[in-house]
file query_34.tsv (TSV, C-alpha atoms)
chain	number	residue	atom	x	y	z
G	1	THR	CA	5.83	-2.43	31.56
G	2	THR	CA	2.59	-1.47	29.84
G	3	LYS	CA	0.06	-3.87	28.34
G	4	TYR	CA	-2.34	-2.96	25.56
G	5	GLN	CA	-5.15	-5.17	24.28
G	6	ALA	CA	-7.71	-3.85	21.82
G	7	TYR	CA	-10.22	-6.66	22.31
G	8	GLU	CA	-10.49	-10.17	23.79
G	9	ASN	CA	-11.36	-13.74	22.73
G	10	ALA	CA	-10.23	-13.39	19.11
G	11	LEU	CA	-7.09	-13.19	17.01
G	12	GLY	CA	-5.38	-9.95	18.00
G	13	ILE	CA	-2.43	-7.91	16.78
G	14	LYS	CA	-1.02	-8.71	13.33
G	15	SER	CA	1.36	-5.82	12.53
G	16	LEU	CA	3.15	-2.92	14.22
G	17	SER	CA	4.99	0.17	13.03
G	18	TRP	CA	6.53	3.13	14.86
G	19	CYS	CA	6.34	6.51	13.19
G	20	PRO	CA	9.81	7.98	12.44
G	21	SER	CA	9.58	10.42	15.36
G	22	GLY	CA	8.86	7.58	17.79
G	23	GLN	CA	5.80	9.34	19.22
G	24	LEU	CA	3.08	7.19	17.63
G	25	LEU	CA	2.64	3.46	17.20
G	26	ALA	CA	0.31	2.01	14.55
G	27	VAL	CA	-1.20	-1.35	15.52
G	28	GLY	CA	-2.86	-3.47	12.83
G	29	SER	CA	-5.21	-6.21	13.99
G	30	TYR	CA	-7.14	-9.20	12.69
G	31	ASP	CA	-10.40	-7.27	13.13
G	32	GLN	CA	-9.42	-5.27	9.99
G	33	SER	CA	-8.71	-2.10	11.94
G	34	VAL	CA	-5.65	0.01	12.73
G	35	ARG	CA	-5.33	1.77	16.08
G	36	ILE	CA	-2.93	4.64	16.73
G	37	LEU	CA	-1.33	4.79	20.19
G	38	ASN	CA	0.73	7.63	21.66
G	39	HIS	CA	3.99	6.93	23.47
G	40	ILE	CA	3.05	8.73	26.70
G	41	THR	CA	-0.22	7.15	27.85
G	42	TRP	CA	-0.32	4.22	25.38
G	43	ALA	CA	-4.00	4.99	24.90
G	44	PRO	CA	-5.45	4.75	21.37
G	45	PHE	CA	-6.63	8.11	20.05
G	46	ALA	CA	-7.61	7.05	16.52
G	47	GLN	CA	-8.99	3.94	14.87
G	48	PHE	CA	-9.19	3.29	11.13
G	49	SER	CA	-11.39	0.58	9.62
G	50	HIS	CA	-11.25	-0.97	6.14
G	51	PRO	CA	-14.80	-1.42	4.81
G	52	GLN	CA	-15.50	-3.27	1.57
G	53	THR	CA	-17.43	-0.31	0.19
G	54	LEU	CA	-15.71	3.06	0.23
G	55	THR	CA	-18.19	5.83	1.04
G	56	ALA	CA	-16.33	8.44	3.10
G	57	PRO	CA	-14.79	10.88	3.46
G	58	LEU	CA	-16.01	12.58	0.30
G	59	SER	CA	-12.54	14.08	-0.18
G	60	VAL	CA	-10.85	10.68	-0.56
G	61	VAL	CA	-9.40	9.93	-4.00
G	62	ALA	CA	-9.98	6.36	-5.21
G	63	TYR	CA	-7.49	5.33	-7.90
G	64	LEU	CA	-8.33	2.26	-9.98
G	65	GLU	CA	-5.67	0.59	-12.12
G	66	VAL	CA	-6.93	0.21	-15.68
G	67	GLN	CA	-5.11	-1.90	-18.26
G	68	ASP	CA	-5.26	-0.76	-21.87
G	69	ARG	CA	-4.51	-3.05	-24.79
G	70	GLN	CA	-1.68	-1.63	-26.90
G	71	ASN	CA	-0.73	-2.33	-30.49
G	72	PRO	CA	2.05	-4.95	-30.16
G	73	GLY	CA	3.70	-3.76	-33.37
G	74	GLY	CA	7.33	-2.85	-32.79
G	75	LEU	CA	7.54	-4.68	-29.48
G	76	GLY	CA	9.30	-7.68	-30.92
G	77	SER	CA	8.16	-11.25	-30.55
G	78	GLY	CA	7.88	-13.88	-27.88
G	79	GLU	CA	6.68	-13.61	-24.30
G	80	GLY	CA	7.83	-10.01	-24.02
G	81	VAL	CA	5.05	-8.99	-26.40
G	82	THR	CA	2.40	-10.45	-24.10
G	83	LEU	CA	3.81	-8.69	-21.06
G	84	GLN	CA	4.20	-5.28	-22.69
G	85	ALA	CA	1.03	-5.38	-24.82
G	86	TYR	CA	-0.98	-4.10	-21.86
G	87	ARG	CA	-0.18	-0.73	-20.34
G	88	SER	CA	-1.62	0.44	-17.03
G	89	ARG	CA	-2.94	3.81	-15.93
G	90	TYR	CA	-5.02	5.08	-13.04
G	91	SER	CA	-8.64	6.13	-13.33
G	92	VAL	CA	-10.24	8.17	-10.54
G	93	CYS	CA	-13.49	6.61	-9.33
G	94	SER	CA	-16.49	8.27	-7.77
G	95	LEU	CA	-17.97	7.19	-4.43
G	96	PRO	CA	-19.38	4.83	-3.33
G	97	GLN	CA	-16.75	2.41	-4.62
G	98	ALA	CA	-16.68	-1.33	-3.92
G	99	LEU	CA	-13.24	-2.80	-3.17
G	100	PRO	CA	-12.20	-6.31	-4.25
G	101	ALA	CA	-12.08	-8.69	-1.29
G	102	THR	CA	-11.42	-12.36	-0.68
G	103	LYS	CA	-13.08	-14.66	1.82
G	104	PRO	CA	-10.35	-16.14	4.05
G	105	ALA	CA	-10.41	-19.70	5.33
G	106	VAL	CA	-10.89	-18.98	9.03
G	107	ASP	CA	-10.56	-22.68	9.93
G	108	LYS	CA	-6.90	-22.72	8.86
G	109	PRO	CA	-3.91	-21.25	10.70
G	110	ASN	CA	-2.73	-17.74	9.80
G	111	PRO	CA	-5.81	-16.72	7.81
G	112	LYS	CA	-5.34	-14.00	5.20
G	113	LEU	CA	-7.41	-11.58	7.19
G	114	GLY	CA	-6.72	-8.31	8.96
G	115	VAL	CA	-4.22	-5.49	8.60
G	116	GLY	CA	-0.89	-7.14	7.84
G	117	THR	CA	0.97	-4.07	6.54
G	118	VAL	CA	1.37	-0.69	8.24
G	119	SER	CA	4.02	1.78	7.08
G	120	TRP	CA	4.68	5.47	7.91
G	121	SER	CA	5.96	8.12	5.55
G	122	GLY	CA	9.29	9.66	6.47
G	123	ASP	CA	7.70	12.96	7.52
G	124	ASN	CA	5.17	11.25	9.88
G	125	LYS	CA	2.28	12.77	7.90
G	126	TYR	CA	0.93	9.67	6.16
G	127	LEU	CA	0.27	6.05	7.06
G	128	LEU	CA	-0.13	3.24	4.54
G	129	THR	CA	-2.13	0.14	5.41
G	130	ARG	CA	-3.07	-3.06	3.61
G	131	ASN	CA	-5.88	-5.32	4.75
G	132	ASP	CA	-4.83	-8.87	3.86
G	133	ASN	CA	-8.29	-9.96	2.72
G	134	MET	CA	-8.24	-6.96	0.35
G	135	PRO	CA	-4.77	-7.70	-1.05
G	136	THR	CA	-5.07	-5.47	-4.13
G	137	SER	CA	-5.83	-2.23	-2.24
G	138	ALA	CA	-3.47	0.22	-0.53
G	139	TRP	CA	-5.01	2.66	1.95
G	140	ILE	CA	-3.29	5.99	2.65
G	141	TRP	CA	-4.27	7.98	5.74
G	142	ASP	CA	-3.49	11.63	6.47
G	143	MET	CA	-2.28	11.63	10.08
G	144	THR	CA	-2.58	15.40	10.44
G	145	ARG	CA	-6.33	15.23	9.76
G	146	LEU	CA	-6.82	11.61	10.93
G	147	GLU	CA	-8.74	10.63	7.82
G	148	LEU	CA	-8.40	8.59	4.65
G	149	VAL	CA	-6.99	10.55	1.70
G	150	ALA	CA	-6.43	7.91	-1.01
G	151	VAL	CA	-7.01	4.28	-1.93
G	152	LEU	CA	-5.02	2.60	-4.71
G	153	MET	CA	-6.92	-0.34	-6.21
G	154	GLN	CA	-4.56	-2.56	-8.18
G	155	THR	CA	-5.31	-5.34	-10.64
G	156	ASP	CA	-3.05	-7.80	-8.81
G	157	PRO	CA	-2.18	-8.30	-5.12
G	158	ILE	CA	0.35	-5.82	-3.74
G	159	LYS	CA	3.73	-7.49	-3.18
G	160	SER	CA	5.89	-4.69	-1.78
G	161	VAL	CA	5.55	-1.06	-0.65
G	162	ASP	CA	8.15	1.50	0.42
G	163	TRP	CA	8.13	5.21	1.28
G	164	ASP	CA	10.68	7.58	-0.15
G	165	PRO	CA	12.82	8.51	2.90
G	166	VAL	CA	13.25	12.13	1.77
G	167	HIS	CA	10.23	13.12	-0.33
G	168	THR	CA	6.58	12.42	0.48
G	169	ARG	CA	5.89	9.69	-2.04
G	170	LEU	CA	5.18	5.99	-2.04
G	171	ALA	CA	6.23	3.23	-4.43
G	172	LEU	CA	4.58	-0.17	-4.72
G	173	CYS	CA	4.70	-3.19	-7.00
G	174	THR	CA	2.35	-6.08	-7.69
G	175	GLY	CA	4.63	-8.74	-9.16
G	176	GLY	CA	4.43	-7.45	-12.72
G	177	SER	CA	6.35	-5.19	-15.08
G	178	LYS	CA	5.17	-1.93	-13.48
G	179	VAL	CA	5.88	0.29	-10.48
G	180	PHE	CA	3.14	2.48	-9.07
G	181	LEU	CA	3.84	5.83	-7.40
G	182	TRP	CA	1.67	7.95	-5.12
G	183	ALA	CA	2.24	11.45	-3.75
G	184	PRO	CA	-0.21	14.02	-2.33
G	185	GLU	CA	-0.35	15.55	-5.82
G	186	GLY	CA	-1.54	12.33	-7.47
G	187	ALA	CA	-0.69	8.79	-8.58
G	188	SER	CA	1.04	7.36	-11.64
G	189	CYS	CA	2.34	4.16	-13.19
G	190	VAL	CA	5.87	3.52	-14.48
G	191	HIS	CA	6.49	0.63	-16.89
G	192	ILE	CA	9.76	-1.27	-16.48
G	193	PRO	CA	11.49	-1.36	-19.91
G	194	LEU	CA	12.88	-4.87	-19.43
G	195	PRO	CA	11.27	-7.93	-21.08
G	196	ASN	CA	9.91	-10.54	-18.68
G	197	PHE	CA	10.93	-8.57	-15.57
G	198	GLN	CA	8.45	-9.31	-12.78
G	199	CYS	CA	9.01	-6.94	-9.86
G	200	SER	CA	8.34	-8.66	-6.54
G	201	GLN	CA	10.12	-6.26	-4.18
G	202	LEU	CA	11.38	-2.67	-4.17
G	203	GLN	CA	13.30	-0.34	-1.88
G	204	TRP	CA	14.28	3.35	-2.05
G	205	ASN	CA	17.85	4.49	-1.63
G	206	PRO	CA	18.61	6.75	1.40
G	207	THR	CA	18.49	9.97	-0.65
G	208	GLY	CA	15.18	9.28	-2.39
G	209	THR	CA	16.66	9.64	-5.86
G	210	ALA	CA	16.37	6.00	-6.95
G	211	PHE	CA	15.02	2.62	-5.95
G	212	VAL	CA	16.06	-0.96	-6.56
G	213	LEU	CA	13.62	-3.48	-8.07
G	214	THR	CA	14.07	-7.22	-7.65
G	215	ASP	CA	12.82	-10.14	-9.68
G	216	GLN	CA	13.23	-13.79	-8.73
G	217	ASP	CA	16.86	-13.91	-9.83
G	218	THR	CA	17.66	-10.43	-11.21
G	219	PHE	CA	17.46	-6.81	-10.14
G	220	CYS	CA	17.59	-3.35	-11.66
G	221	CYS	CA	17.84	0.24	-10.44
G	222	ALA	CA	15.45	3.04	-11.36
G	223	PHE	CA	16.57	6.67	-11.15
G	224	LEU	CA	14.08	9.53	-10.94
G	225	GLY	CA	14.87	12.76	-12.69
G	226	GLY	CA	14.31	15.96	-10.74
G	227	ALA	CA	14.06	14.12	-7.43
call {"tool": "encode", "arguments": {"input": "query_34.tsv", "output": "structure tokens"}}
result
Amino acid sequence: TTKYQAYENALGIKSLSWCPSGQLLAVGSYDQSVRILNHITWAPFAQFSHPQTLTAPLSVVAYLEVQDRQNPGGLGSGEGVTLQAYRSRYSVCSLPQALPATKPAVDKPNPKLGVGTVSWSGDNKYLLTRNDNMPTSAWIWDMTRLELVAVLMQTDPIKSVDWDPVHTRLALCTGGSKVFLWAPEGASCVHIPLPNFQCSQLQWNPTGTAFVLTDQDTFCCAFLGGA
């Protein structure tokens, strides 16, 4: 039996995730850091922090979701017009870049603070993290270089994330009518062509050719051409 403790006298580990090969363990903590442990010595060999202002590395790509007002003509009437009248796209920001953050109530149980989501890509090359007091930002780390490669800054808090099990790409949703995709080549936004559909969870199929999207009481499947 091996015991690991990153620090003492404070709230500790909040999330865990093994890489697919089983050789590395990502440990997210309430101190807003992720530590990477190896399976032989259980000693941490990398630590990633989540600062409120993004300044480094200079090679990191910061994607900001921008919502553009569209002409509602031809969209029909009713609530569907309101939902589809705004279309999202990503804008690449220069550094330094401030990230939206909330101030958690530390006097209440289970504060929304610290790294609550850690998820590996299927090829072990990338790690996604989400710091719960920065709920609109997804951090993507290159585990071959041990550095941050991308940050996705969404308009709304991230509800669900999932890696394609075959291809190196990530899908996430924020409770709205869009799905956001990231791959090493770039990031994009896909609008769900269903009125009033609010995607709260998503999951890829085992072959990486489609994913299922769920609303409160409905679901749909999205198929990707050329996958």
call {"tool": "closest_residue", "arguments": {"input": "query_34.tsv", "among": "G:Lys103, G:Lys125, G:Arg145, G:Arg35", "to": "G:Ala183", "atoms": "only C-alpha atoms"}}
result
G:Lys125
call {"tool": "closest_residue", "arguments": {"input": "query_34.tsv", "among": "G:Val115, G:Leu25, G:Cys173, G:Val149", "to": "G:His191", "atoms": "only C-alpha atoms"}}
result
G:Cys173
call {"tool": "residues_around", "arguments": {"input": "query_34.tsv", "residues": "G:Asp217", "least_positions_apart": "4", "cutoff": "12 Å", "atoms": "only C-alpha atoms", "output": "number ranges by chain"}}
result
G: 196-201, 213
call {"tool": "write_last_selection", "arguments": {"input": "query_34.tsv", "atoms": "C-alpha atoms", "output": "CSV table (one decimal), in the frame of the given file"}}
result
chain,number,residue,atom,x,y,z
G,196,ASN,CA,9.9,-10.5,-18.7
G,197,PHE,CA,10.9,-8.6,-15.6
G,198,GLN,CA,8.4,-9.3,-12.8
G,199,CYS,CA,9.0,-6.9,-9.9
G,200,SER,CA,8.3,-8.7,-6.5
G,201,GLN,CA,10.1,-6.3,-4.2
G,213,LEU,CA,13.6,-3.5,-8.1
call {"tool": "closest_residue", "arguments": {"input": "query_34.tsv", "among": "G:Trp163, G:Phe219, G:Tyr86, G:Trp182", "to": "G:Trp204", "atoms": "all atoms listed in the file"}}
result
G:Trp163
call {"tool": "closest_residue", "arguments": {"input": "query_34.tsv", "among": "G:Glu147, G:Lys178, G:Thr155, G:Leu170", "to": "G:Val66", "atoms": "all atoms listed in the file"}}
result
G:Thr155
call {"tool": "closest_residue", "arguments": {"input": "query_34.tsv", "among": "G:Ser91, G:Ser137, G:Thr117, G:Thr214", "to": "G:Gly186", "atoms": "all atoms listed in the file"}}
result
G:Ser91
call {"tool": "atom_distance", "arguments": {"input": "query_34.tsv", "atom1": "atom CA of G:Asp215", "atom2": "atom CA of G:Pro109"}}
result
28.6 Å
call {"tool": "residues_around", "arguments": {"input": "query_34.tsv", "residues": "G:Gln97", "least_positions_apart": "4", "cutoff": "7 Å", "atoms": "all atoms listed in the file", "output": "compact mmCIF listing (two decimals) with C-alpha atoms, in the frame of the given file"}}
result
# COMPACT_ATOMS: atom_id res chain seq x y z
CA THR G 53 -17.43 -0.31 0.19
CA LEU G 54 -15.71 3.06 0.23
CA THR G 55 -18.19 5.83 1.04
call {"tool": "residues_around", "arguments": {"input": "query_34.tsv", "residues": "G:Asp142", "least_positions_apart": "2", "cutoff": "10 Å", "atoms": "all atoms listed in the file", "output": "list in words"}}
result
Asn124, Lys125, Tyr126, Leu127, Leu128, Ile140, Thr144, Arg145, Leu146, Glu147, Leu148, Val149, Ala150 and Pro184 of chain G
call {"tool": "atom_distance", "arguments": {"input": "query_34.tsv", "atom1": "atom CA of G:Leu113", "atom2": "atom CA of G:Asp132"}}
result
5.0 Å
call {"tool": "atom_distance", "arguments": {"input": "query_34.tsv", "atom1": "atom CA of G:Ala43", "atom2": "atom CA of G:Gln23"}}
result
12.1 Å
call {"tool": "residues_around", "arguments": {"input": "query_34.tsv", "residues": "G:Gly114", "least_positions_apart": "3", "cutoff": "7 Å", "atoms": "only C-alpha atoms", "output": "list in words"}}
result
Ser29, Tyr30, Asp31, Gln32, Asn131, Asp132 and Asn133 of chain G
call {"tool": "write_last_selection", "arguments": {"input": "query_34.tsv", "atoms": "C-alpha atoms", "output": "short mmCIF file (atom, residue, chain, number, x, y, z; two decimals), in the coordinates of the input"}}
result
data_model
loop_
_atom_site.label_atom_id
_atom_site.label_comp_id
_atom_site.auth_asym_id
_atom_site.auth_seq_id
_atom_site.Cartn_x
_atom_site.Cartn_y
_atom_site.Cartn_z
CA SER G 29 -5.21 -6.21 13.99
CA TYR G 30 -7.14 -9.20 12.69
CA ASP G 31 -10.40 -7.27 13.13
CA GLN G 32 -9.42 -5.27 9.99
CA ASN G 131 -5.88 -5.32 4.75
CA ASP G 132 -4.83 -8.87 3.86
CA ASN G 133 -8.29 -9.96 2.72
#
call {"tool": "residues_near_point", "arguments": {"input": "query_34.tsv", "point": "(0.4, -4.7, -3.8)", "cutoff": "10 Å", "atoms": "all atoms listed in the file", "output": "JSON list (two decimals) with C-alpha atoms, keeping the file's coordinate frame"}}
result
[["chain", "number", "residue", "atom", "x", "y", "z"],
["G", 130, "ARG", "CA", -3.07, -3.06, 3.61],
["G", 134, "MET", "CA", -8.24, -6.96, 0.35],
["G", 135, "PRO", "CA", -4.77, -7.70, -1.05],
["G", 136, "THR", "CA", -5.07, -5.47, -4.13],
["G", 137, "SER", "CA", -5.83, -2.23, -2.24],
["G", 138, "ALA", "CA", -3.47, 0.22, -0.53],
["G", 152, "LEU", "CA", -5.02, 2.60, -4.71],
["G", 153, "MET", "CA", -6.92, -0.34, -6.21],
["G", 154, "GLN", "CA", -4.56, -2.56, -8.18],
["G", 155, "THR", "CA", -5.31, -5.34, -10.64],
["G", 156, "ASP", "CA", -3.05, -7.80, -8.81],
["G", 157, "PRO", "CA", -2.18, -8.30, -5.12],
["G", 158, "ILE", "CA", 0.35, -5.82, -3.74],
["G", 159, "LYS", "CA", 3.73, -7.49, -3.18],
["G", 160, "SER", "CA", 5.89, -4.69, -1.78],
["G", 161, "VAL", "CA", 5.55, -1.06, -0.65],
["G", 171, "ALA", "CA", 6.23, 3.23, -4.43],
["G", 172, "LEU", "CA", 4.58, -0.17, -4.72],
["G", 173, "CYS", "CA", 4.70, -3.19, -7.00],
["G", 174, "THR", "CA", 2.35, -6.08, -7.69],
["G", 175, "GLY", "CA", 4.63, -8.74, -9.16],
["G", 179, "VAL", "CA", 5.88, 0.29, -10.48],
["G", 180, "PHE", "CA", 3.14, 2.48, -9.07],
["G", 200, "SER", "CA", 8.34, -8.66, -6.54],
["G", 201, "GLN", "CA", 10.12, -6.26, -4.18]]
call {"tool": "residues_around", "arguments": {"input": "query_34.tsv", "residues": "stretch 4-7 of chain G", "least_positions_apart": "6", "cutoff": "12 Å", "atoms": "only C-alpha atoms", "output": "ChimeraX atom specification"}}
result
/G:13-14,25,27-31,33-39,41-44,47
call {"tool": "closest_residue", "arguments": {"input": "query_34.tsv", "among": "G:Asp68, G:His50, G:Tyr63, G:Leu16", "to": "G:Ala101", "atoms": "all atoms listed in the file"}}
result
G:His50
